[in-house]
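Shown here: input.pdb, PDB, C-alpha atoms.
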ATOM      1  CA  MET I   1     -67.271  -3.285   6.066  1.00  0.00           C
ATOM      2  CA  GLU I   2     -68.858  -5.873   3.787  1.00  0.00           C
ATOM      3  CA  ILE I   3     -70.876  -3.180   1.990  1.00  0.00           C
ATOM      4  CA  VAL I   4     -67.697  -1.208   1.244  1.00  0.00           C
ATOM      5  CA  ILE I   5     -66.036  -4.259  -0.289  1.00  0.00           C
ATOM      6  CA  THR I   6     -69.149  -5.065  -2.363  1.00  0.00           C
ATOM      7  CA  LEU I   7     -69.371  -1.456  -3.537  1.00  0.00           C
ATOM      8  CA  GLY I   8     -65.679  -1.521  -4.473  1.00  0.00           C
ATOM      9  CA  ILE I   9     -66.146  -4.702  -6.488  1.00  0.00           C
ATOM     10  CA  VAL I  10     -69.212  -3.308  -8.282  1.00  0.00           C
ATOM     11  CA  LEU I  11     -67.375  -0.065  -9.109  1.00  0.00           C
ATOM     12  CA  GLY I  12     -64.353  -2.040 -10.310  1.00  0.00           C
ATOM     13  CA  ILE I  13     -66.493  -4.165 -12.615  1.00  0.00           C
ATOM     14  CA  ALA I  14     -68.272  -1.058 -13.922  1.00  0.00           C
ATOM     15  CA  PHE I  15     -64.908   0.568 -14.637  1.00  0.00           C
ATOM     16  CA  LEU I  16     -63.669  -2.517 -16.493  1.00  0.00           C
ATOM     17  CA  LEU I  17     -66.866  -2.698 -18.573  1.00  0.00           C
ATOM     18  CA  GLN I  18     -66.626   1.012 -19.409  1.00  0.00           C
ATOM     19  CA  THR I  19     -63.020   0.532 -20.503  1.00  0.00           C
ATOM     20  CA  ALA I  20     -63.881  -2.510 -22.638  1.00  0.00           C
ATOM     21  CA  PHE I  21     -66.814  -0.773 -24.338  1.00  0.00           C
ATOM     22  CA  SER I  22     -64.711   2.365 -24.926  1.00  0.00           C
ATOM     23  CA  MET I  23     -62.035   0.256 -26.585  1.00  0.00           C
ATOM     24  CA  LEU I  24     -64.660  -1.388 -28.819  1.00  0.00           C
ATOM     25  CA  GLN I  25     -66.017   2.035 -29.780  1.00  0.00           C
ATOM     26  CA  MET I  26     -62.517   3.320 -30.605  1.00  0.00           C
ATOM     27  CA  LYS I  27     -61.925   0.205 -32.714  1.00  0.00           C
ATOM     28  CA  HIS I  28     -65.212   0.875 -34.555  1.00  0.00           C
ATOM     29  CA  PHE I  29     -64.157   4.500 -35.157  1.00  0.00           C
ATOM     30  CA  SER I  30     -60.775   3.391 -36.509  1.00  0.00           C
ATOM     31  CA  HIS I  31     -62.379   0.786 -38.764  1.00  0.00           C
ATOM     32  CA  GLU I  32     -64.841   3.301 -40.249  1.00  0.00           C
ATOM     33  CA  PHE I  33     -62.134   5.963 -40.630  1.00  0.00           C
ATOM     34  CA  VAL I  34     -59.802   3.569 -42.458  1.00  0.00           C
ATOM     35  CA  LYS I  35     -62.632   2.488 -44.795  1.00  0.00           C
ATOM     36  CA  LEU I  36     -63.228   6.115 -45.772  1.00  0.00           C
ATOM     37  CA  LYS I  37     -59.502   6.930 -45.909  1.00  0.00           C
ATOM     38  CA  LYS I  38     -58.946   4.175 -48.486  1.00  0.00           C
ATOM     39  CA  LYS I  39     -61.305   6.078 -50.802  1.00  0.00           C
ATOM     40  CA  GLY I  40     -59.643   9.488 -50.333  1.00  0.00           C
ATOM     41  CA  ARG I  41     -59.188  12.295 -47.854  1.00  0.00           C
ATOM     42  CA  VAL I  42     -61.308  12.457 -44.707  1.00  0.00           C
ATOM     43  CA  ALA I  43     -62.401  15.485 -42.694  1.00  0.00           C
ATOM     44  CA  VAL I  44     -63.541  14.865 -39.133  1.00  0.00           C
ATOM     45  CA  GLY I  45     -65.585  17.074 -36.843  1.00  0.00           C
ATOM     46  CA  ARG I  46     -66.712  16.477 -33.306  1.00  0.00           C
ATOM     47  CA  LYS I  47     -68.703  17.994 -30.517  1.00  0.00           C
ATOM     48  CA  ASN I  48     -68.470  16.607 -27.014  1.00  0.00           C
ATOM     49  CA  GLY I  49     -71.786  16.110 -25.336  1.00  0.00           C
ATOM     50  CA  ALA I  50     -70.877  15.806 -21.633  1.00  0.00           C
ATOM     51  CA  PHE I  51     -74.353  14.954 -20.300  1.00  0.00           C
ATOM     52  CA  PHE I  52     -76.039  15.252 -23.709  1.00  0.00           C
ATOM     53  CA  ALA I  53     -75.522  13.265 -26.905  1.00  0.00           C
ATOM     54  CA  GLY I  54     -72.072  13.952 -28.348  1.00  0.00           C
ATOM     55  CA  ALA I  55     -71.425  13.693 -32.061  1.00  0.00           C
ATOM     56  CA  ILE I  56     -68.630  12.831 -34.483  1.00  0.00           C
ATOM     57  CA  VAL I  57     -68.927  13.290 -38.230  1.00  0.00           C
ATOM     58  CA  MET I  58     -66.593  12.057 -40.990  1.00  0.00           C
ATOM     59  CA  PHE I  59     -66.691  13.328 -44.560  1.00  0.00           C
ATOM     60  CA  GLN I  60     -64.810  11.467 -47.284  1.00  0.00           C
ATOM     61  CA  ILE I  61     -63.856  14.171 -49.788  1.00  0.00           C
ATOM     62  CA  ASP I  62     -62.189  14.376 -53.182  1.00  0.00           C
ATOM     63  CA  GLY I  63     -59.198  16.583 -54.037  1.00  0.00           C
ATOM     64  CA  ASP I  64     -61.433  19.636 -54.468  1.00  0.00           C
ATOM     65  CA  GLY I  65     -63.165  19.279 -51.098  1.00  0.00           C
ATOM     66  CA  ILE I  66     -66.372  17.864 -52.540  1.00  0.00           C
ATOM     67  CA  ILE I  67     -68.049  15.370 -50.224  1.00  0.00           C
ATOM     68  CA  GLN I  68     -68.297  11.851 -51.590  1.00  0.00           C
ATOM     69  CA  GLN I  69     -69.604  10.091 -48.482  1.00  0.00           C
ATOM     70  CA  ALA I  70     -70.637  11.124 -44.963  1.00  0.00           C
ATOM     71  CA  LYS I  71     -70.941   9.164 -41.723  1.00  0.00           C
ATOM     72  CA  TYR I  72     -71.841  10.180 -38.213  1.00  0.00           C
ATOM     73  CA  MET I  73     -71.967   8.821 -34.694  1.00  0.00           C
ATOM     74  CA  GLU I  74     -74.217  10.397 -32.108  1.00  0.00           C
ATOM     75  CA  GLY I  75     -75.106   9.265 -28.631  1.00  0.00           C
ATOM     76  CA  VAL I  76     -74.564   9.427 -24.913  1.00  0.00           C
ATOM     77  CA  THR I  77     -73.185   5.928 -24.339  1.00  0.00           C
ATOM     78  CA  VAL I  78     -70.269   3.892 -25.625  1.00  0.00           C
ATOM     79  CA  LEU I  79     -72.779   1.776 -27.531  1.00  0.00           C
ATOM     80  CA  ALA I  80     -73.205   4.447 -30.252  1.00  0.00           C
ATOM     81  CA  ARG I  81     -72.027   3.376 -33.725  1.00  0.00           C
ATOM     82  CA  PHE I  82     -71.384   5.138 -37.040  1.00  0.00           C
ATOM     83  CA  LYS I  83     -74.242   5.462 -39.515  1.00  0.00           C
ATOM     84  CA  ASP I  84     -74.518   6.885 -43.014  1.00  0.00           C
ATOM     85  CA  LEU I  85     -75.378  10.584 -43.189  1.00  0.00           C
ATOM     86  CA  PRO I  86     -77.159  11.085 -46.522  1.00  0.00           C
ATOM     87  CA  GLY I  87     -77.686  14.404 -48.270  1.00  0.00           C
ATOM     88  CA  PHE I  88     -74.130  15.731 -48.168  1.00  0.00           C
ATOM     89  CA  GLU I  89     -72.810  14.056 -51.321  1.00  0.00           C
ATOM     90  CA  GLY I  90     -71.682  16.653 -53.874  1.00  0.00           C
ATOM     91  CA  LYS I  91     -71.495  19.523 -51.379  1.00  0.00           C
ATOM     92  CA  ASP I  92     -68.353  21.612 -50.850  1.00  0.00           C
ATOM     93  CA  ILE I  93     -67.128  20.899 -47.328  1.00  0.00           C
ATOM     94  CA  SER I  94     -65.535  24.337 -46.989  1.00  0.00           C
ATOM     95  CA  LYS I  95     -68.971  25.960 -47.156  1.00  0.00           C
ATOM     96  CA  LEU I  96     -70.789  23.819 -44.591  1.00  0.00           C
ATOM     97  CA  THR I  97     -72.269  25.481 -41.512  1.00  0.00           C
ATOM     98  CA  GLU I  98     -74.433  24.389 -38.590  1.00  0.00           C
ATOM     99  CA  LYS I  99     -77.481  25.238 -40.714  1.00  0.00           C
ATOM    100  CA  ASP I 100     -76.639  22.299 -42.989  1.00  0.00           C
ATOM    101  CA  GLY I 101     -77.154  19.799 -40.167  1.00  0.00           C
ATOM    102  CA  PRO I 102     -80.374  17.970 -39.415  1.00  0.00           C
ATOM    103  CA  GLU I 103     -82.924  19.727 -37.217  1.00  0.00           C
ATOM    104  CA  LYS I 104     -83.080  18.767 -33.526  1.00  0.00           C
ATOM    105  CA  HIS I 105     -79.493  17.445 -33.572  1.00  0.00           C
ATOM    106  CA  ARG I 106     -77.660  20.351 -31.929  1.00  0.00           C
ATOM    107  CA  ASN I 107     -74.317  18.637 -31.372  1.00  0.00           C
ATOM    108  CA  LEU I 108     -74.353  16.950 -34.782  1.00  0.00           C
ATOM    109  CA  LYS I 109     -74.841  20.384 -36.360  1.00  0.00           C
ATOM    110  CA  LYS I 110     -71.836  21.653 -34.375  1.00  0.00           C
ATOM    111  CA  ALA I 111     -69.753  18.624 -35.403  1.00  0.00           C
ATOM    112  CA  ILE I 112     -70.538  19.345 -39.081  1.00  0.00           C
ATOM    113  CA  ALA I 113     -69.425  22.964 -38.646  1.00  0.00           C
ATOM    114  CA  ASP I 114     -66.302  21.718 -36.817  1.00  0.00           C
ATOM    115  CA  ALA I 115     -65.417  19.410 -39.736  1.00  0.00           C
ATOM    116  CA  ALA I 116     -65.718  22.339 -42.157  1.00  0.00           C
ATOM    117  CA  ASN I 117     -63.627  24.516 -39.849  1.00  0.00           C
ATOM    118  CA  ASN I 118     -60.974  21.792 -39.497  1.00  0.00           C
ATOM    119  CA  TYR I 119     -60.850  21.392 -43.276  1.00  0.00           C
ATOM    120  CA  ASN I 120     -60.525  25.151 -43.849  1.00  0.00           C
ATOM    121  CA  THR I 121     -57.847  25.448 -41.149  1.00  0.00           C
ATOM    122  CA  TYR I 122     -55.849  22.556 -42.615  1.00  0.00           C
ATOM    123  CA  GLU I 123     -56.153  23.832 -46.181  1.00  0.00           C
ATOM    124  CA  GLY I 124     -55.041  27.275 -45.000  1.00  0.00           C
ATOM    125  CA  GLY I 125     -51.879  25.800 -43.462  1.00  0.00           C
ATOM    126  CA  GLY I 126     -53.048  26.199 -39.880  1.00  0.00           C
ATOM    127  CA  VAL I 127     -52.868  23.802 -36.976  1.00  0.00           C
ATOM    128  CA  ILE I 128     -56.035  22.072 -35.808  1.00  0.00           C
ATOM    129  CA  GLU I 129     -56.330  22.445 -32.047  1.00  0.00           C
ATOM    130  CA  ASN I 130     -57.877  19.764 -29.859  1.00  0.00           C
ATOM    131  CA  PRO I 131     -60.782  21.077 -27.811  1.00  0.00           C
ATOM    132  CA  PRO I 132     -60.141  21.244 -24.062  1.00  0.00           C
ATOM    133  CA  SER I 133     -61.220  18.275 -21.966  1.00  0.00           C
ATOM    134  CA  LEU I 134     -63.971  18.524 -19.383  1.00  0.00           C
ATOM    135  CA  PHE I 135     -61.370  18.696 -16.596  1.00  0.00           C
ATOM    136  CA  LYS I 136     -59.481  21.455 -18.401  1.00  0.00           C
ATOM    137  CA  LYS I 137     -62.721  23.447 -18.770  1.00  0.00           C
ATOM    138  CA  ILE I 138     -63.449  23.030 -15.059  1.00  0.00           C
ATOM    139  CA  GLY I 139     -59.900  24.103 -14.195  1.00  0.00           C
ATOM    140  CA  ASN I 140     -60.230  27.176 -16.385  1.00  0.00           C
ATOM    141  CA  LEU I 141     -63.532  28.093 -14.708  1.00  0.00           C
ATOM    142  CA  ILE I 142     -61.934  27.790 -11.289  1.00  0.00           C
ATOM    143  CA  LYS I 143     -59.054  30.023 -12.388  1.00  0.00           C
ATOM    144  CA  GLY I 144     -61.539  32.561 -13.708  1.00  0.00           C
ATOM    145  CA  GLY I 145     -60.744  32.012 -17.403  1.00  0.00           C
ATOM    146  CA  LYS I 146     -62.814  30.683 -20.270  1.00  0.00           C
TER
END

Kindly return the structure encoded in the file as structure tokens.
Amino acid sequence: MEIVITLGIVLGIAFLLQTAFSMLQMKHFSHEFVKLKKKGRVAVGRKNGAFFAGAIVMFQIDGDGIIQQAKYMEGVTVLARFKDLPGFEGKDISKLTEKDGPEKHRNLKKAIADAANNYNTYEGGGVIENPPSLFKKIGNLIKGGK
């Protein structure tokens, strides 16, 4: 019985730490987003990683969709932080594809393409859909869907 209580306490502490670190990461995201937003419009792209490194990219753009500044966050843990993503300044966001991303960064490449897609959808008057969660994907697989 003592082992069960100890395990419960350890799991509870782990859950609280995960929650605290997630909140800090969300605060960091908000801070970086607001800094870019003060300079102009911002396009965001993301690719969930599940068991691999996920990625989020933010492009600060001018009124014509030309990238002024780029930042990215990539990692598996809640300790990942945003970093500058050089080489995108002056590029038209509407024309970005996965090929424009850095080699060996599969999910970052997909996040860049997602940002371009989100921008093009928004500019075309469409609605940007949130990707399904992991649990939604599992539920769809069980039901025999996509």

Can you turn the PyMOL selection byres ((chain I and resi 128) around 9) into a concrete residue list for this file, as a PyMOL selection string? chain I and resi 117-119+121-122+126-127+129-130

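Note that atom CA of I:Met73 and atom CA of I:Gly12 are 27.8 Å apart.
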
Residue members of the PyMOL selection byres ((chain I and resi 53-60) around 6) in the file shown, as a PyMOL selection string: chain I and resi 36+41-49+52+61+67-76+107-108+111

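Note that the spacing between atom CA of I:Lys95 and atom CA of I:Lys137 amounts to 29.2 Å.
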
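Atom CA of I:Lys38 is positioned 16.9 Å from atom CA of I:Phe82.
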
Translate the PyMOL selection byres ((chain I and resi 94) around 6) into a concrete residue list for this structure, as an MDAnalysis selection string. chainID I and resid 92:93 95:96 116 120

Among I:Ile3, I:Thr97, I:Arg81, I:Ile138, I:Ile112 is approached most closely, using only C-alpha atoms, by I:Thr97

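Nearest to I:Gly40 of all the residues I:Met1, I:Ile66, I:Ala115, I:Leu16 is I:Ile66, counting only C-alpha atoms.
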
Determine, counting only C-alpha atoms, which protein, DNA and RNA residues have an atom within 7 Å of an atom of I:Lys110; residues of the same chain fewer than 4 positions away are not included. Present the result as a PyMOL selection string. chain I and resi 47+98+106+114

Those residues with C-alpha atoms, as an mmCIF file, in the frame of the given file please?
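The resulting file, again.cif, is reproduced below:
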data_model
loop_
_atom_site.group_PDB
_atom_site.id
_atom_site.type_symbol
_atom_site.label_atom_id
_atom_site.label_comp_id
_atom_site.auth_asym_id
_atom_site.auth_seq_id
_atom_site.Cartn_x
_atom_site.Cartn_y
_atom_site.Cartn_z
ATOM 1 C CA LYS I 47 -68.703 17.994 -30.517
ATOM 2 C CA GLU I 98 -74.433 24.389 -38.590
ATOM 3 C CA ARG I 106 -77.660 20.351 -31.929
ATOM 4 C CA ASP I 114 -66.302 21.718 -36.817
#

Quick one: stretch 58-104 of chain I with C-alpha atoms, as a CSV table (one decimal), in the first residue's frame?
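Contents of part_13.csv, freshly written:
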chain,number,residue,atom,x,y,z
I,58,MET,CA,6.1,32.9,-36.4
I,59,PHE,CA,6.7,35.3,-39.3
I,60,GLN,CA,6.3,39.1,-38.8
I,61,ILE,CA,5.2,40.4,-42.1
I,62,ASP,CA,4.4,43.8,-43.7
I,63,GLY,CA,1.2,44.7,-45.5
I,64,ASP,CA,2.3,43.0,-48.7
I,65,GLY,CA,3.1,39.7,-47.0
I,66,ILE,CA,6.9,40.2,-47.1
I,67,ILE,CA,8.7,38.7,-44.1
I,68,GLN,CA,10.4,41.2,-41.9
I,69,GLN,CA,11.4,38.8,-39.0
I,70,ALA,CA,11.1,35.1,-38.3
I,71,LYS,CA,11.2,33.1,-35.1
I,72,TYR,CA,10.8,29.4,-34.4
I,73,MET,CA,10.5,27.0,-31.5
I,74,GLU,CA,11.4,23.3,-31.9
I,75,GLY,CA,11.7,20.6,-29.4
I,76,VAL,CA,10.2,17.7,-27.6
I,77,THR,CA,10.0,19.1,-24.1
I,78,VAL,CA,8.3,22.2,-22.5
I,79,LEU,CA,11.8,23.6,-22.1
I,80,ALA,CA,12.0,24.6,-25.8
I,81,ARG,CA,12.1,28.4,-26.4
I,82,PHE,CA,11.8,30.7,-29.4
I,83,LYS,CA,14.9,31.5,-31.4
I,84,ASP,CA,15.6,33.7,-34.4
I,85,LEU,CA,15.2,32.0,-37.8
I,86,PRO,CA,17.4,33.9,-40.2
I,87,GLY,CA,17.2,33.8,-44.0
I,88,PHE,CA,13.5,34.5,-44.5
I,89,GLU,CA,13.7,38.3,-44.4
I,90,GLY,CA,12.5,39.8,-47.7
I,91,LYS,CA,10.7,36.6,-48.8
I,92,ASP,CA,7.0,36.5,-49.8
I,93,ILE,CA,5.2,34.4,-47.2
I,94,SER,CA,2.6,33.3,-49.7
I,95,LYS,CA,5.2,31.4,-51.7
I,96,LEU,CA,6.9,29.5,-48.9
I,97,THR,CA,6.9,25.7,-49.1
I,98,GLU,CA,8.5,22.9,-47.1
I,99,LYS,CA,11.5,23.1,-49.4
I,100,ASP,CA,12.3,26.6,-47.9
I,101,GLY,CA,12.9,25.0,-44.4
I,102,PRO,CA,16.2,23.9,-43.1
I,103,GLU,CA,17.4,20.4,-43.9
I,104,LYS,CA,16.9,17.7,-41.3
